[in-house]
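*Asks:* final.cif is reproduced below (mmCIF, C-alpha atoms).
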data_input
loop_
_atom_site.label_atom_id
_atom_site.label_comp_id
_atom_site.auth_asym_id
_atom_site.auth_seq_id
_atom_site.Cartn_x
_atom_site.Cartn_y
_atom_site.Cartn_z
CA MET A 14 200.63 109.39 266.35
CA PRO A 15 203.39 110.58 264.00
CA THR A 16 203.85 114.34 264.06
CA ASP A 17 205.08 116.94 261.63
CA PRO A 18 208.12 118.63 263.26
CA SER A 19 207.98 121.56 260.85
CA SER A 20 204.57 122.58 262.15
CA SER A 21 205.51 123.09 265.81
CA PRO A 22 203.38 125.89 267.28
CA THR A 23 204.61 129.30 268.36
CA SER A 24 202.94 131.19 271.18
CA PHE A 25 202.14 134.69 272.38
CA ASN A 26 200.47 136.12 275.44
CA CYS A 27 196.73 136.63 275.83
CA PRO A 28 195.97 140.38 275.84
CA HIS A 29 193.73 139.90 278.88
CA CYS A 30 195.36 137.35 281.24
CA GLN A 31 198.85 137.13 279.68
CA ALA A 32 198.59 133.33 279.51
CA PRO A 33 200.45 131.77 276.56
CA VAL A 34 198.26 131.23 273.52
CA PRO A 35 199.57 128.70 270.95
CA GLY A 36 199.69 129.79 267.33
CA TYR A 37 199.75 126.93 264.86
CA ASP A 38 199.09 128.73 261.59
CA LEU A 39 199.66 132.47 262.00
CA ALA A 40 199.82 132.93 258.23
CA GLU A 41 196.15 131.92 257.93
CA SER A 42 194.61 132.48 261.37
CA SER A 43 193.65 135.93 262.62
CA TYR A 44 191.29 135.16 265.49
CA PHE A 45 192.09 133.44 268.78
CA CYS A 46 190.38 132.44 271.99
CA CYS A 47 192.48 131.99 275.11
CA GLY A 48 192.20 128.60 276.78
CA GLN A 49 192.79 130.16 280.19
CA CYS A 50 190.38 133.09 280.40
CA TYR A 51 188.38 132.42 277.18
CA THR A 52 188.99 135.93 275.84
CA TYR A 53 188.30 136.11 272.12
CA PHE A 54 190.51 138.55 270.24
CA GLN A 55 191.91 139.44 266.84
CA TYR A 56 195.62 139.05 266.13
CA GLY A 57 197.48 141.53 263.93
CA ASP A 58 200.85 141.58 262.23
CA THR A 59 202.54 142.96 265.32
CA GLY A 60 200.59 141.03 267.95
CA PRO A 61 197.17 141.00 269.57
CA ARG A 62 195.14 143.83 268.09
CA ARG A 63 191.82 144.01 269.87
CA ILE A 64 189.67 142.12 272.33
CA ILE A 65 186.29 141.23 270.86
CA MET A 66 184.50 139.42 273.72
CA ALA A 67 184.87 136.73 276.35
CA PHE A 68 183.18 133.33 276.20
CA PRO A 69 182.11 131.26 279.21
CA PRO A 70 184.37 128.34 280.15
CA MET A 71 183.79 125.05 278.36
CA PRO A 72 181.40 122.94 280.49
CA THR A 73 183.33 119.73 279.78
CA PRO A 74 186.72 118.99 278.19
CA PRO A 75 186.55 118.40 274.43
CA ALA A 76 186.88 114.89 273.04
CA LEU A 77 189.83 116.07 270.91
CA PRO A 78 192.21 118.40 272.76
CA LEU A 79 193.92 121.40 271.23
CA GLY A 80 197.00 120.34 269.26
CA ALA A 81 195.87 116.72 268.80
CA GLU A 82 197.38 115.26 265.63
CA GLY A 83 196.31 112.37 263.48
CA TYR A 84 195.72 111.00 260.00
CA LEU A 85 192.16 111.44 258.74
CA ASP A 86 191.42 109.70 255.45
CA GLY A 87 195.16 109.09 255.17
CA LYS A 88 196.19 112.77 255.49
CA TRP A 89 197.82 114.53 258.42
CA VAL A 90 195.62 116.89 260.44
CA ARG A 91 195.96 118.87 263.67
CA VAL A 92 193.24 120.29 265.92
CA THR A 93 193.89 124.03 266.19
CA GLY A 94 190.57 125.18 267.64
CA TYR A 95 187.16 124.04 268.74
CA LEU A 96 183.72 125.56 269.25
CA ARG A 97 180.49 124.56 270.92
CA LYS A 98 177.36 125.67 269.08
CA ARG A 99 173.61 125.26 269.19
CA GLU A 100 170.67 126.22 267.05
CA ILE A 101 168.80 129.29 268.20
CA GLN A 102 165.54 127.39 268.71
CA TYR A 103 167.00 124.35 270.50
CA GLU A 104 169.09 123.90 273.64
CA GLU A 105 171.13 120.85 272.61
CA SER A 106 174.64 121.70 271.43
CA TRP A 107 177.30 120.18 269.20
CA MET A 108 181.08 120.46 268.88
CA GLU A 109 183.11 121.63 265.90
CA TYR A 110 186.88 121.12 265.63
CA VAL A 111 189.10 123.16 263.28
CA LEU A 112 191.64 120.95 261.51
CA MET A 113 194.86 122.27 260.05
CA THR A 114 196.24 120.28 257.09
CA LYS A 115 199.55 120.17 255.24
CA GLU A 116 197.76 121.13 252.05
CA GLY A 117 196.82 124.51 253.55
CA GLN A 118 193.05 124.02 253.30
CA HIS A 119 191.37 123.87 256.69
CA GLN A 120 188.79 121.22 257.46
CA MET A 121 186.23 120.80 260.22
CA LEU A 122 185.13 117.88 262.35
CA ALA A 123 181.63 118.09 263.81
CA GLU A 124 180.30 115.84 266.59
CA PHE A 125 176.67 115.64 267.71
CA ARG A 126 175.38 112.91 270.02
CA GLY A 127 178.47 110.81 269.32
CA HIS A 128 178.02 111.00 265.53
CA TRP A 129 180.90 112.57 263.59
CA MET A 130 181.37 114.07 260.16
CA VAL A 131 184.35 115.63 258.42
CA ILE A 132 183.49 118.88 256.62
CA ARG A 133 185.48 120.30 253.72
CA PRO A 134 184.92 123.52 251.75
CA VAL A 135 184.06 123.29 248.04
CA ALA A 136 184.26 125.85 245.28
CA GLU A 137 180.82 125.00 243.88
CA THR A 138 177.68 126.89 244.85
CA TYR A 139 174.51 124.82 244.99
CA THR A 140 171.05 126.18 244.30
CA GLU A 141 168.03 124.71 246.04
CA THR A 142 165.27 123.53 243.72
CA GLN A 143 161.54 123.98 244.29
CA ASN A 144 161.32 120.55 245.90
CA ALA A 145 164.01 121.52 248.46
CA LYS A 146 166.85 119.52 246.94
CA VAL A 147 170.34 120.19 245.61
CA SER A 148 172.40 118.02 243.28
CA ASP A 149 175.99 117.48 242.32
CA GLN A 150 177.44 115.28 239.60
CA ASP A 151 177.06 112.15 241.73
CA ARG A 152 173.85 112.33 243.78
CA GLU A 153 170.79 114.26 244.89
CA TYR A 154 170.53 115.70 248.40
CA VAL A 155 167.31 116.39 250.33
CA LEU A 156 166.83 119.31 252.71
CA TYR A 157 167.20 118.07 256.29
CA ASN A 158 167.74 121.19 258.38
CA ARG A 159 167.76 124.98 258.13
CA TYR A 160 168.79 127.10 261.09
CA ASN A 161 170.71 129.99 262.62
CA CYS A 162 173.25 129.19 265.31
CA LEU A 163 174.67 130.58 268.53
CA ILE A 164 178.30 130.15 269.61
CA LEU A 165 178.43 129.03 273.22
CA ASN A 166 182.17 128.41 273.76
CA ALA A 167 185.43 128.58 271.85
CA VAL A 168 189.13 127.82 272.38
CA GLY A 169 192.09 128.00 269.98
CA GLU A 170 192.75 129.74 266.69
CA PHE A 171 190.40 130.39 263.80
CA TYR A 172 190.95 131.51 260.22
CA TRP A 173 187.65 133.42 260.18
CA ASN A 174 185.73 135.56 262.64
CA ILE A 175 183.56 132.97 264.33
CA ILE A 176 181.12 135.67 265.46
CA ASP A 177 180.07 136.00 261.82
CA ASP A 178 178.61 132.49 262.03
CA THR A 179 175.69 133.88 264.04
CA GLU A 180 174.66 135.93 260.98
CA LEU A 181 174.46 132.89 258.69
CA THR A 182 171.42 130.96 257.57
CA ILE A 183 172.62 127.39 257.31
CA SER A 184 170.83 124.85 255.11
CA GLU A 185 171.84 121.21 255.28
CA TYR A 186 170.96 118.67 252.56
CA ILE A 187 171.60 114.98 253.06
CA HIS A 188 172.27 111.88 251.03
CA PRO A 189 173.67 109.54 253.71
CA PRO A 190 176.53 109.18 254.32
CA TYR A 191 177.07 112.59 252.66
CA LEU A 192 175.87 116.12 253.36
CA ILE A 193 175.99 119.48 251.60
CA SER A 194 175.86 122.62 253.72
CA ARG A 195 174.98 126.08 252.33
CA GLU A 196 175.95 128.95 254.63
CA ALA A 197 174.34 132.13 253.37
CA SER A 198 174.69 135.71 254.60
CA SER A 199 173.62 139.00 253.06
CA GLN A 200 177.06 139.30 251.44
CA LYS A 201 177.89 135.78 250.19
CA THR A 202 177.10 132.08 250.15
CA GLU A 203 179.65 129.37 250.86
CA CYS A 204 179.18 125.62 250.46
CA TYR A 205 180.70 122.63 252.19
CA LYS A 206 180.58 118.88 251.77
CA ALA A 207 180.57 116.47 254.69
CA GLU A 208 180.99 112.73 255.10
CA TYR A 209 179.92 110.58 258.05
CA LYS A 210 182.54 109.14 260.38
CA THR A 211 182.09 106.62 263.16
CA PRO A 212 183.70 107.09 266.58
CA GLN A 213 185.99 104.20 265.63
CA ASP A 214 187.13 106.16 262.56
CA ILE A 215 188.00 109.18 264.71
CA SER A 216 189.67 107.24 267.52
CA LYS A 217 191.79 105.38 264.98
CA ALA A 218 192.69 108.60 263.18
CA PHE A 219 193.92 110.27 266.38
CA GLY A 220 195.32 107.21 268.13
CA LEU A 221 192.71 107.22 270.92
CA ALA A 222 191.07 104.41 272.82
CA ASP A 223 187.54 103.66 271.63
CA THR A 224 186.23 104.55 275.09
CA ALA A 225 187.73 108.05 274.84
CA LEU A 226 184.94 109.29 272.56
CA PRO A 227 181.22 109.62 273.33
CA LYS A 228 179.04 106.72 272.21
CA PRO A 229 176.53 107.46 269.44
CA VAL A 230 172.99 108.16 270.60
CA GLY A 231 170.04 107.72 268.25
CA VAL A 232 170.40 107.97 264.48
CA GLY A 233 172.78 110.50 262.97
CA ALA A 234 171.63 112.84 260.21
CA ILE A 235 173.93 111.18 257.67
CA GLN A 236 174.59 107.90 259.44
CA PRO A 237 174.57 105.08 256.87
CA ASN A 238 171.43 102.97 257.04
CA PRO A 239 172.51 99.39 257.82
CA GLY A 240 169.39 98.14 256.02
CA VAL A 241 170.53 99.84 252.82
CA GLU A 242 174.07 98.48 253.17
CA LYS A 243 172.79 94.93 253.60
CA ARG A 244 169.98 95.14 251.06
CA GLU A 245 172.01 94.69 247.88
CA PRO A 246 173.92 91.55 248.99
CA ALA A 247 170.72 90.18 250.56
CA ILE A 248 168.76 90.64 247.34
CA TRP A 249 171.66 89.20 245.31
CA LEU A 250 171.80 86.08 247.49
CA THR A 251 168.01 85.70 247.80
CA THR A 252 167.34 85.89 244.06
CA ARG A 253 170.02 83.33 243.29
CA LEU A 254 168.80 80.94 245.95
CA ALA A 255 165.24 81.36 244.65
CA LEU A 256 166.39 80.57 241.12
CA LEU A 257 168.26 77.53 242.43
CA ILE A 258 165.16 76.26 244.24
CA VAL A 259 163.02 76.71 241.13
CA ALA A 260 165.69 74.98 239.02
CA VAL A 261 165.81 72.03 241.44
CA GLN A 262 162.00 71.83 241.35
CA VAL A 263 162.04 71.74 237.54
CA LEU A 264 164.84 69.14 237.57
CA PHE A 265 162.87 66.86 239.87
CA TYR A 266 159.85 67.33 237.64
CA PHE A 267 161.80 65.82 234.74
CA LEU A 268 163.63 63.19 236.79
CA LYS A 269 160.49 62.09 238.62
CA PRO A 270 157.55 63.16 236.46
CA GLN A 271 154.07 63.36 237.88
CA GLN A 272 152.00 60.25 237.13
CA THR A 273 148.35 59.42 237.79
CA LEU A 274 148.19 55.90 239.26
CA PHE A 275 144.50 55.66 239.97
CA ASN A 276 141.44 57.73 239.12
CA GLN A 277 137.94 56.42 239.82
CA GLU A 278 134.48 57.64 240.76
CA PHE A 279 132.55 55.88 243.53
CA SER A 280 128.84 55.86 244.30
CA TRP A 281 127.86 55.30 247.91
CA ASN A 282 124.50 55.33 249.69
CA SER A 283 124.66 57.25 252.94
CA ASP A 284 122.52 56.18 255.91
CA SER A 285 123.49 57.81 259.22
CA THR A 286 120.74 55.93 261.08
CA VAL A 287 122.80 52.73 260.81
CA GLN A 288 125.19 52.53 263.77
CA SER A 289 127.30 49.61 262.66
CA ARG A 290 130.44 50.26 260.68
CA ALA A 291 129.97 49.23 257.06
CA GLN A 292 132.42 47.10 255.15
CA PRO A 293 135.08 49.18 253.44
CA ILE A 294 134.97 50.08 249.81
CA VAL A 295 138.06 48.51 248.28
CA SER A 296 139.69 50.19 245.32
CA PRO A 297 141.41 48.43 242.44
CA SER A 298 145.13 47.80 242.89
CA PHE A 299 147.87 50.06 241.52
CA ASN A 300 151.67 50.14 241.59
CA ILE A 301 153.86 52.75 243.28
CA ASP A 302 157.44 53.21 242.13
CA GLY A 303 158.99 54.49 245.34
CA PRO A 304 160.13 55.85 247.52
CA ALA A 305 157.84 58.56 246.30
CA ALA A 306 155.42 61.22 247.47
CA VAL A 307 151.81 60.32 246.78
CA ALA A 308 148.88 62.72 246.58
CA ILE A 309 145.36 61.38 247.13
CA GLN A 310 142.78 63.86 245.86
CA LEU A 311 139.11 63.72 246.86
CA LYS A 312 136.11 65.38 245.16
CA VAL A 313 132.55 64.97 246.52
CA ASN A 314 129.15 66.13 245.21
CA ILE A 315 127.83 67.07 248.70
CA ASP A 316 125.52 70.05 249.05
CA ASN A 317 124.76 71.59 252.48
CA ASN A 318 126.26 68.54 254.12
CA TRP A 319 129.52 66.98 255.25
CA PHE A 320 131.40 63.89 254.11
CA GLU A 321 134.05 62.04 256.12
CA LEU A 322 136.37 59.55 254.49
CA PRO A 323 138.90 57.53 256.52
CA VAL A 324 141.38 56.00 254.07
CA SER A 325 143.90 53.18 254.40
CA LEU A 326 146.63 52.83 251.79
CA ILE A 327 147.66 49.19 252.07
CA ASN A 328 150.77 47.52 250.69
CA GLU A 329 149.53 44.16 249.39
CA SER A 330 152.89 42.43 249.92
CA THR A 331 153.72 43.61 253.44
CA ASN A 332 150.23 44.62 254.66
CA GLN A 333 151.77 47.89 255.87
CA SER A 334 149.03 50.49 256.12
CA TYR A 335 149.17 54.27 255.79
CA GLU A 336 146.03 55.80 257.26
CA PHE A 337 144.51 59.27 257.17
CA THR A 338 141.07 60.89 257.23
CA ARG A 339 139.65 63.67 255.15
CA ILE A 340 136.48 65.62 255.97
CA VAL A 341 134.77 67.66 253.28
CA GLU A 342 132.07 70.20 254.19
CA TYR A 343 130.14 72.48 251.88
CA TYR A 344 127.25 74.77 252.90
CA HIS A 345 125.59 77.71 251.18
CA GLY A 346 122.42 79.77 251.39
CA VAL A 347 120.88 83.24 251.44
CA GLU A 348 120.63 85.37 254.59
CA TYR A 349 119.20 88.89 254.77
CA GLY A 350 119.21 89.00 250.99
CA GLU A 351 122.91 88.13 250.76
CA SER A 352 124.16 84.81 249.44
CA TRP A 353 126.87 83.00 251.37
CA GLN A 354 128.88 79.81 251.20
CA GLU A 355 131.55 78.10 253.24
CA GLY A 356 133.72 75.04 252.85
CA ALA A 357 134.58 73.22 249.64
CA GLN A 358 133.76 70.03 247.80
CA ASP A 359 137.34 68.78 247.48
CA ASP A 360 140.39 68.02 249.61
CA GLU A 361 143.81 66.42 249.31
CA ALA A 362 146.23 64.34 251.39
CA ILE A 363 149.98 64.09 250.75
CA LEU A 364 151.89 61.00 251.85
CA SER A 365 155.69 61.12 251.68
CA ARG A 366 158.30 58.43 251.00
CA ILE A 367 155.92 55.60 250.18
CA PRO A 368 157.97 52.46 249.30
CA SER A 369 157.65 50.66 246.01
CA GLY A 370 154.94 48.01 245.80
CA ARG A 371 151.44 47.14 244.80
CA TYR A 372 148.75 48.95 246.80
CA HIS A 373 145.01 49.42 247.14
CA LEU A 374 142.77 51.75 249.13
CA ASN A 375 140.26 50.79 251.82
CA LEU A 376 137.60 53.48 252.13
CA TYR A 377 135.21 53.99 255.07
CA PRO A 378 132.84 56.84 254.07
CA SER A 379 130.27 58.43 256.35
CA SER A 380 127.88 61.37 256.03
CA GLU A 381 124.71 62.91 257.49
CA GLY A 382 121.27 61.66 256.52
CA LYS A 383 120.15 59.31 253.82
CA ASN A 384 121.44 60.24 250.40
CA ARG A 385 123.48 59.01 247.53
CA VAL A 386 127.01 60.40 247.52
CA ILE A 387 129.24 60.35 244.50
CA PHE A 388 132.92 60.95 245.18
CA GLN A 389 136.02 60.73 243.05
CA LEU A 390 139.48 59.60 244.17
CA LYS A 391 142.67 60.26 242.26
CA VAL A 392 146.09 58.91 243.30
CA ILE A 393 149.07 60.80 241.89
CA GLN A 394 152.71 59.77 242.22
CA ASN A 395 155.35 62.55 242.46
CA PRO A 396 152.83 65.39 242.63
CA ILE A 397 154.14 68.89 242.02
CA LEU A 398 154.14 70.31 245.55
CA TYR A 399 153.70 73.98 244.82
CA SER A 400 153.03 74.62 248.50
CA ASN A 401 156.56 73.47 249.40
CA LEU A 402 157.99 75.65 246.68
CA PHE A 403 156.05 78.69 247.86
CA ILE A 404 156.99 78.01 251.50
CA MET A 405 160.68 77.88 250.65
CA LEU A 406 160.46 81.05 248.56
CA ALA A 407 158.54 82.73 251.39
CA LEU A 408 161.22 81.70 253.88
CA LEU A 409 163.87 83.16 251.58
CA ALA A 410 161.95 86.43 251.45
CA ILE A 411 161.86 86.82 255.25
CA TYR A 412 165.32 88.37 255.56
CA PRO A 413 164.84 90.96 252.78
CA ILE A 414 161.46 91.84 254.30
CA ILE A 415 163.08 92.29 257.72
CA LEU A 416 165.72 94.53 256.13
CA PHE A 417 162.95 96.53 254.45
CA PHE A 418 161.23 97.24 257.76
CA GLN A 419 164.56 97.90 259.52
CA ARG A 420 165.49 100.36 256.79
CA ASN A 421 162.17 102.18 257.06
CA LEU A 422 162.32 102.30 260.86
CA PHE A 423 165.88 103.65 260.69
CA GLU A 424 164.81 106.37 258.26
CA GLN A 425 161.81 107.25 260.43
CA LYS A 426 164.17 107.79 263.37
CA ARG A 427 166.50 109.86 261.20
CA TRP A 428 163.77 112.15 259.90
CA ALA A 429 162.14 112.44 263.32
CA GLU A 430 165.05 114.79 264.13
CA SER A 431 164.31 116.98 261.11
CA ASP A 432 161.83 119.80 260.62
CA PHE A 433 161.41 118.65 257.03
CA GLY A 434 160.06 115.50 255.42
CA PRO A 435 162.24 113.00 253.53
CA THR A 436 160.79 114.19 250.23
CA GLY A 437 161.65 117.81 250.96
#
Just give me the structure as structure tokens.
*Replies:*
Amino acid sequence: MPTDPSSSPTSFNCPHCQAPVPGYDLAESSYFCCGQCYTYFQYGDTGPRRIIMAFPPMPTPPALPLGAEGYLDGKWVRVTGYLRKREIQYEESWMEYVLMTKEGQHQMLAEFRGHWMVIRPVAETYTETQNAKVSDQDREYVLYNRYNCLILNAVGEFYWNIIDDTELTISEYIHPPYLISREASSQKTECYKAEYKTPQDISKAFGLADTALPKPVGVGAIQPNPGVEKREPAIWLTTRLALLIVAVQVLFYFLKPQQTLFNQEFSWNSDSTVQSRAQPIVSPSFNIDGPAAVAIQLKVNIDNNWFELPVSLINESTNQSYEFTRIVEYYHGVEYGESWQEGAQDDEAILSRIPSGRYHLNLYPSSEGKNRVIFQLKVIQNPILYSNLFIMLALLAIYPIILFFQRNLFEQKRWAESDFGPTG
């Protein structure tokens, strides 16, 4: 990565082990932790002033070494120190990296389970409302975490006494991919704003290979929800496709209007004791202007019985036959004082792409018992197929519905790591 030659570090000796300790920003930094013996001390105008304590060695090397330089959000930064922390009540730790900038204002990078965020101080002070939220001019943030921390390890230089962090009550409010942190002590309250960064963002910023950084595990506190990111374009596309489908349906309605070709009521005497197949009932002829979809609708006056009607649609010029069968059942009664019913007295068959020609219907009805059955047949050319319309609209809705459930599952995983609910 390009470097800033004017910011080359100076060094001085550790007051405990005499190892060289780099000093990157002596004008701002007063506290140092030796990378050799991990002695934490304060630095004065004339040199090391006092030893404060000694930390244990870092258990593993940091992802970003001391002195690493890069360009984060287009601005030059340098790692001048790092800490490992954990909440008092939990054992899992996270890393924080102190970033020196050309502008003079220090920033922080925090990494937890492979999820990163850049943290910058702000002059504003945010007050938590009764519903555990804070707001700025752009968005509302919901309380996600409140804790006190322990410092486990440290190396490098710091512009504040890091031991003071253990006296802070830290409240974190989220609006992914952003976070507001309030760090309150008995003397003052300071606020910070953070923004989520992917490992790819950090590796690119510091010129590292993607494999050099830990892979994300689980869902980060302010990790963007992919369901939210995809929802707006998905809804935009789905609504426009739905409007297009409806418009095409309306267009076909005007280009090929629905037309009733045949509508007649038939009276037939049922006798199930007769085994021989009766002669068909032959309908009057009608013309079809095809190729066209044809709906054949059946209504029957049956009551606590069934009615079966095999039908042949026959082209009178070619003798080509289109055959189907419809069975209508309708039963009702009273049982244990409750009325019930099942079935229906009507049914419908849809035939597609019927060629032009003159046609008639051959009907072969059958039923149970001896009774007089009255049934009505209606033949409709170019029926409005609402079922097809609804199926297509339902198919269009599948992807937004999947995104909805993905979004909710993602948020459930996010808030499973919080001691607070998503509504505060």
*Asks:* Given the file shown, enumerate the residues that the PyMOL selection byres ((chain A and resi 125-129) around 8) captures and present them as a ChimeraX atom specification.
*Replies:* /A:106-108,122-124,130-131,209-212,215,226-231,233,236
*Asks:* What is the atom CA of A:Pro74-atom CA of A:Thr179 distance in Å, reported with one decimal?
*Replies:*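 Going from atom CA of A:Pro74 over to atom CA of A:Thr179, I get 23.3 Å.
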*Asks:* What separation in Å, quoted to one decimal, exists between atom CA of A:Tyr51 and atom CA of A:Leu79?
*Replies:*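 Going from atom CA of A:Tyr51 over to atom CA of A:Leu79 covers 13.7 Å.
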*Asks:* What does the PyMOL selection byres ((chain A and resi 185) around 12) select in this file, as a VMD selection string?
*Replies:* chain A and resid 132 139 141 145 to 147 154 to 161 182 to 184 186 to 189 191 to 197 204 to 207 234 to 235 431 to 433 437
*Asks:* Which is closest to A:Asp177 among A:Tyr44, A:Leu274, A:Ser352, A:Met121, if we use all atoms listed in the file?
*Replies:*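 Using all atoms listed in the file, the shortest distance to A:Asp177 belongs to A:Tyr44.
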*Asks:* In Å to one decimal, how far is atom CA of A:Thr202 from atom CA of A:Cys47?
*Replies:*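 According to the coordinates, atom CA of A:Cys47 and atom CA of A:Thr202 are separated by 29.3 Å.
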*Asks:* Pick out the residues sitting within 7 Å of A:Gln277, and hand them over as an MDAnalysis selection string; count only C-alpha atoms, and ignore anything fewer than 6 positions along from it in its own chain.
*Replies:* chainID A and resid 389:391
*Asks:* Could you write those residues out with C-alpha atoms, as a compact mmCIF listing (two decimals), keeping the file's coordinate frame?
*Replies:*
# COMPACT_ATOMS: atom_id res chain seq x y z
CA GLN A 389 136.02 60.73 243.05
CA LEU A 390 139.48 59.60 244.17
CA LYS A 391 142.67 60.26 242.26
*Asks:* If the PyMOL selection byres ((chain A and resi 312) around 8) were run on this exact file, what residues would it hold? Put them as a PyMOL selection string.
*Replies:* chain A and resi 310-311+313-314+358-360+388-390
*Asks:* The selected residues should be written to file as an mmCIF file, in the frame of the given file (atoms: C-alpha atoms).
*Replies:*
data_model
loop_
_atom_site.group_PDB
_atom_site.id
_atom_site.type_symbol
_atom_site.label_atom_id
_atom_site.label_comp_id
_atom_site.auth_asym_id
_atom_site.auth_seq_id
_atom_site.Cartn_x
_atom_site.Cartn_y
_atom_site.Cartn_z
ATOM 1 C CA GLN A 310 142.780 63.860 245.860
ATOM 2 C CA LEU A 311 139.110 63.720 246.860
ATOM 3 C CA VAL A 313 132.550 64.970 246.520
ATOM 4 C CA ASN A 314 129.150 66.130 245.210
ATOM 5 C CA GLN A 358 133.760 70.030 247.800
ATOM 6 C CA ASP A 359 137.340 68.780 247.480
ATOM 7 C CA ASP A 360 140.390 68.020 249.610
ATOM 8 C CA PHE A 388 132.920 60.950 245.180
ATOM 9 C CA GLN A 389 136.020 60.730 243.050
ATOM 10 C CA LEU A 390 139.480 59.600 244.170
#
*Asks:* Which is closer to A:Ser400 than all the others in A:Ala222, A:Pro22, A:Gly240, A:Ile363, using all atoms listed in the file?
*Replies:*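 That would be A:Ile363, the residue with the smallest distance to A:Ser400.
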*Asks:* Restricting the calculation to all atoms listed in the file, which member of A:Ala308, A:Leu257, A:Leu406, A:Ala218 is positioned closest to A:Asp86?
*Replies:*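 When distances to A:Asp86 are compared using all atoms listed in the file, the smallest one comes from A:Ala218.
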*Asks:* Considering all atoms listed in the file, state which residue in the set A:Ile367, A:Ile164, A:Ile258, A:Ile294 is at the smallest distance from A:Ile404.
*Replies:*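 Of all the options, A:Ile258 lies closest to A:Ile404.
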*Asks:* Excluding stretch 69-73 of chain A and its own-chain neighbours fewer than 4 positions away, which residues fall within 12 Å of it when counting all atoms listed in the file? Please give them as a ChimeraX atom specification.
*Replies:* /A:46-53,77-78,95-98,106,108,164-168
*Asks:* Edge lengths and centre in Å to one decimal, as lines of an AutoDock Vina configuration file, of the axis-aligned box that encloses all listed atoms of stretch 170-186 of chain A with 4 Å added on every side?
*Replies:*
center_x = 181.8
center_y = 127.3
center_z = 259.6
size_x = 29.9
size_y = 25.3
size_z = 22.1
*Asks:* Counting only C-alpha atoms, what is within 10 Å of A:Ile327, bar same-chain residues fewer than 5 positions away, as a count of residues only?
*Replies:* 12
*Asks:* Check the smallest atom-to-atom distance from each of A:Leu398, A:Ala67, A:Ile387, A:Leu364 to A:Leu326 using all atoms listed in the file, then report the winner.
*Replies:*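 For A:Leu326, the nearest of the candidates is A:Leu364.
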*Asks:* Excluding same-chain residues fewer than 3 positions from A:His345, what lies within 8 Å of it counting all atoms listed in the file, as a compact mmCIF listing (two decimals) with C-alpha atoms, keeping the file's coordinate frame?
*Replies:*
# COMPACT_ATOMS: atom_id res chain seq x y z
CA ASP A 316 125.52 70.05 249.05
CA ASN A 317 124.76 71.59 252.48
CA SER A 352 124.16 84.81 249.44
CA TRP A 353 126.87 83.00 251.37
CA GLN A 354 128.88 79.81 251.20
CA GLU A 355 131.55 78.10 253.24
*Asks:* Using only C-alpha atoms, which of A:Gly382, A:Pro293, A:Pro239, A:Gly94 sits nearest A:Pro75?
*Replies:*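 Checking each of A:Gly382, A:Pro293, A:Pro239, A:Gly94 against A:Pro75, counting only C-alpha atoms, the winner is A:Gly94.
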*Asks:* Got a sec: who's within 8 Å of A:Thr23, counting only C-alpha atoms, leaving out chain neighbours fewer than 2 positions off, as a list in words?
*Replies:* Ser21, Phe25, Pro35, Gly36 and Tyr37 of chain A
